[in-house]
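J.: If you scroll down you'll find the structure; I have some questions about it.
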Amino acid sequence: MHDPTLNRRGFLHTCTALVALLGYSRRAVTASRQPFPRVALVGSQGRPLTLADLQAEREYLFFYPYRSTPNFLLDLGRPTAQSVALRQENGEDYSWSGGIGPQRSVVAFSAICSHRLTYPSAMVSFIGYRNRPVAYVGDNGMERKPGLIQCCSERSVYDPAEGGRVLAGPAPQPLAAVALEEEDGQLYAHGVHGGTLFERFFAEFGFQLEMQFDGKAQELVADQAVVMATEDFTRQRMDCG
């Protein structure tokens with residue numbers, strides 16, 4: 001015999017499942033890109049930065065989305081992977097779309113290591129891009145590969161051509177990626193993909209950051225962010241071999 005109660009139950013169950021699924025999808029989208037303000041990237045003289053201004057495999061630095069949170073800007077000189085599936089430390093998945101430019105080679109990543117929050121300061125930097133081969137223990141044993149970001153604190157190694165994916169070391173998640181776009185030749189930053197570490201960063205280094213950035217360390221960058229070669233900001237760049 002047909003039982004309308006069972007039909008109603010089934011309908012409600014289906015609706016609940018759909019709402020849960022939609023809610024999950026919405027959370028996943030939010031997790032994949034945090035929409036911080038869109039800002040123009042400019043050179044030290046305030047001139048709009050273009051792709052042609054970037055030297056291949058040279059490490060550049062800019063601060064975004066906060067005045068004290070550093071990022072690497074790189075032209076890897078080679079195409080990156082596209083639509084890379086990655087996972088945050090909390091288990092949330094996200095996708096990195098790849099580099100921009102004619103070769104899809106220009107990328108930007110947080111310069112804050114996801115393990116011990118090592119970052120480039122004005123005095124010294126223990127984390128950076130290596131265009132020489134870096135030795136690390138990967139899935140296939142000892143490997144050597146150039147064009148990686150390496151942190152000397154605990155030897156974490158990230159691949160900027162794969163969305164900042166962790167290749168070795170204790171880092172629990174990829175480097176957060178800054179979303180870039182080009183419009184009329186001008187470069188812009190317009191959000192961050194992946195697991196951001198800003199709250200931990202401010203909790204750990206807040207006092208010295210406020211001293212260094214005149215009490216404005218936790219202010220959002222507005223309008224534009226200045227891009228500079230890392231050696232023009234950091235006195236000593238450490239190379240851990």
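In the structure tokens, each chain is lettered A, B, ... as it comes, each chain's residues begin at 1, and ligands are numbered from 1 in order of appearance.
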Check the DSSP output for the backbone and give back, as a compact mmCIF listing (two decimals) with C-alpha atoms, in the first residue's frame, the residues of stretch 31-198 of chain A in strand (DSSP E).

T.:
```txt
# COMPACT_ATOMS: atom_id res chain seq x y z
CA ARG A 33 39.93 32.07 -2.38
CA GLN A 34 39.66 34.73 0.27
CA VAL A 39 45.39 46.31 -5.39
CA ALA A 40 47.74 47.39 -8.17
CA LEU A 41 51.33 46.16 -8.08
CA VAL A 42 53.79 49.00 -8.65
CA TYR A 60 60.66 39.79 -5.83
CA LEU A 61 58.84 40.71 -2.65
CA PHE A 62 55.63 42.65 -1.90
CA PHE A 63 53.33 43.00 1.10
CA PRO A 70 55.20 39.31 2.72
CA ASN A 71 54.81 37.48 -0.57
CA PHE A 72 57.14 36.25 -3.27
CA LEU A 73 56.48 37.34 -6.85
CA LEU A 74 58.22 35.14 -9.42
CA ASP A 75 58.47 34.68 -13.14
CA VAL A 84 46.22 21.92 -9.32
CA ALA A 85 44.25 20.17 -6.56
CA LEU A 86 45.67 20.99 -3.11
CA ARG A 87 44.68 20.51 0.52
CA ASP A 93 40.52 21.09 -0.55
CA TYR A 94 41.09 23.93 -2.98
CA SER A 95 42.31 24.43 -6.53
CA TRP A 96 45.13 26.61 -7.82
CA VAL A 106 54.19 34.40 -13.26
CA VAL A 107 53.12 33.38 -9.76
CA ALA A 108 52.89 34.81 -6.25
CA PHE A 109 52.96 32.98 -2.93
CA SER A 110 52.96 33.91 0.71
CA VAL A 124 67.57 38.25 7.26
CA SER A 125 65.56 35.75 5.24
CA ILE A 127 63.13 31.23 3.10
CA GLY A 128 63.39 31.89 -0.60
CA TYR A 129 63.37 30.82 -4.23
CA ARG A 130 66.29 28.68 -5.43
CA VAL A 134 67.66 21.73 -4.31
CA ALA A 135 68.26 18.31 -2.72
CA TYR A 136 65.35 16.86 -0.76
CA VAL A 137 63.87 13.50 0.22
CA GLY A 138 60.73 13.05 -1.87
CA GLY A 141 63.93 8.95 -2.28
CA MET A 142 66.63 11.58 -2.62
CA GLU A 143 65.79 14.03 -5.41
CA ARG A 144 67.33 17.19 -6.84
CA LYS A 145 65.29 19.82 -8.62
CA LEU A 148 61.82 25.53 -5.74
CA ILE A 149 61.08 27.56 -2.62
CA GLN A 150 63.09 26.30 0.33
CA CYS A 151 62.91 27.17 4.03
CA SER A 156 60.62 22.41 4.07
CA VAL A 157 60.51 22.53 0.26
CA TYR A 158 57.66 23.89 -1.88
CA ASP A 159 57.06 23.76 -5.63
CA ARG A 165 52.77 22.15 -3.01
CA VAL A 166 54.92 20.67 -0.22
CA LEU A 167 57.61 18.38 -1.63
CA ALA A 168 59.56 17.70 1.57
CA ALA A 177 48.91 31.60 -3.18
CA VAL A 178 48.15 35.21 -4.05
CA ALA A 179 45.65 35.55 -6.90
CA LEU A 180 47.14 37.63 -9.72
CA GLU A 181 45.60 39.18 -12.80
CA GLU A 182 46.73 41.39 -15.66
CA GLU A 183 44.57 44.19 -17.01
CA GLN A 186 49.07 46.29 -15.30
CA LEU A 187 49.48 43.58 -12.64
CA TYR A 188 47.02 43.27 -9.74
CA ALA A 189 46.65 41.14 -6.62
CA HIS A 190 43.06 40.30 -5.74
CA GLY A 191 42.80 37.63 -3.07
CA VAL A 192 44.51 34.63 -1.50
CA HIS A 193 44.05 30.92 -2.23
```

J.: For A:Ala203, please output as a tab-separated table (two decimals) with C-alpha atoms, in the first residue's frame all residues within 12 Å (counting only C-alpha atoms; exclusion window: fewer than 6 positions along the same chain).

T.:
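Now in result-v9.tsv:
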```
chain	number	residue	atom	x	y	z
A	117	LEU	CA	56.10	30.87	10.16
A	197	LEU	CA	48.32	31.95	8.49
A	209	LEU	CA	55.81	43.75	13.30
A	210	GLU	CA	54.02	46.72	14.86
A	217	ALA	CA	51.13	45.89	10.68
A	218	GLN	CA	47.56	44.57	10.67
```

J.: Considering only C-alpha atoms, return as number ranges by chain whatever protein or nucleic-acid residues lie within 9 Å of A:Ala122, sequence-local ones (same chain, fewer than 4 positions apart) excluded.

T.: A: 212, 233-236

J.: Mind checking DSSP for stretch 2-217 of chain A and telling me the helix (DSSP H, G or I) residues as a CSV table (one decimal) with C-alpha atoms, in the first residue's frame?

T.:
```csv
chain,number,residue,atom,x,y,z
A,4,PRO,CA,2.3,9.2,1.8
A,5,THR,CA,4.2,9.6,5.1
A,6,LEU,CA,7.1,7.7,3.6
A,7,ASN,CA,7.1,9.9,0.5
A,8,ARG,CA,7.1,13.0,2.7
A,9,ARG,CA,10.0,11.6,4.7
A,10,GLY,CA,11.9,10.8,1.6
A,11,PHE,CA,11.3,14.3,0.1
A,12,LEU,CA,12.5,16.0,3.3
A,13,HIS,CA,15.5,13.8,3.5
A,14,THR,CA,16.4,14.7,-0.1
A,15,CYS,CA,15.9,18.4,0.5
A,16,THR,CA,18.1,18.2,3.6
A,17,ALA,CA,20.9,16.4,1.7
A,18,LEU,CA,20.7,19.0,-1.1
A,19,VAL,CA,20.9,21.9,1.4
A,20,ALA,CA,23.9,20.3,3.0
A,21,LEU,CA,25.6,19.7,-0.3
A,22,LEU,CA,25.0,23.3,-1.4
A,23,GLY,CA,26.3,24.6,1.9
A,24,TYR,CA,29.5,22.4,1.5
A,25,SER,CA,30.0,23.7,-2.0
A,26,ARG,CA,29.7,27.3,-0.8
A,27,ARG,CA,32.2,26.7,2.0
A,28,ALA,CA,34.6,25.1,-0.5
A,29,VAL,CA,34.4,28.1,-2.8
A,30,THR,CA,35.0,30.4,0.2
A,31,ALA,CA,38.0,28.3,1.4
A,32,SER,CA,39.6,28.3,-2.0
A,51,LEU,CA,55.0,41.4,-16.8
A,52,ALA,CA,57.9,42.7,-18.9
A,53,ASP,CA,59.4,44.3,-15.8
A,160,PRO,CA,55.9,27.1,-7.0
A,161,ALA,CA,55.0,25.5,-10.4
A,162,GLU,CA,52.6,23.2,-8.6
A,198,PHE,CA,47.7,35.6,9.3
A,199,GLU,CA,46.2,35.2,12.7
A,200,ARG,CA,49.1,32.9,13.8
A,201,PHE,CA,51.6,35.2,12.2
A,202,PHE,CA,50.3,38.3,14.1
A,203,ALA,CA,50.0,36.3,17.4
A,204,GLU,CA,53.6,35.1,17.1
A,205,PHE,CA,55.3,38.3,15.8
A,206,GLY,CA,52.8,41.0,16.4
A,207,PHE,CA,55.1,43.1,18.7
A,208,GLN,CA,58.1,43.4,16.3
A,209,LEU,CA,55.8,43.7,13.3
A,210,GLU,CA,54.0,46.7,14.9
A,211,MET,CA,57.4,48.3,15.6
A,212,GLN,CA,58.6,47.7,12.1
```

J.: List the spatial neighbours of A:Pro172 as a list of chain:residue names - criterion: any atom at most 7 Å away, only C-alpha atoms, same-chain residues fewer than 5 positions off excluded.

T.: A:Glu89, A:Ser114, A:His115

J.: Go ahead and save the picked residues with C-alpha atoms, as an mmCIF file, in the first residue's frame.

T.:
```cif
data_model
loop_
_atom_site.group_PDB
_atom_site.id
_atom_site.type_symbol
_atom_site.label_atom_id
_atom_site.label_comp_id
_atom_site.auth_asym_id
_atom_site.auth_seq_id
_atom_site.Cartn_x
_atom_site.Cartn_y
_atom_site.Cartn_z
ATOM 1 C CA GLU A 89 46.153 21.497 6.959
ATOM 2 C CA SER A 114 53.510 27.024 6.879
ATOM 3 C CA HIS A 115 55.588 25.166 9.481
#
```

J.: What is the atom CA of A:Thr80-atom CA of A:Phe36 distance in Å, reported with one decimal?

T.: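 Atom CA of A:Phe36 lies 23.8 Å from atom CA of A:Thr80.
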
J.: Would you work out the distance separating atom CA of A:Gly77 from atom CA of A:Val221, expressed in Å to one decimal?

T.: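 Going from atom CA of A:Gly77 over to atom CA of A:Val221 covers 28.2 Å.
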
J.: Between atom CA of A:Ala225 and atom CA of A:Ala171, what is the distance in Å, rounded to a tenth?

T.: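 Calculated distance between atom CA of A:Ala225 and atom CA of A:Ala171 is 27.5 Å.
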
J.: Pick the closest to A:Tyr66 from A:Glu154, A:Asp139, A:Asp232, A:Glu219: which is it, counting only C-alpha atoms?

T.: A:Glu219

J.: For A:Ser44, find every residue with an atom within 10 Å (counting only C-alpha atoms), except residues of its own chain fewer than 6 positions away, and show them as a PyMOL selection string.

T.: chain A and resi 225-229
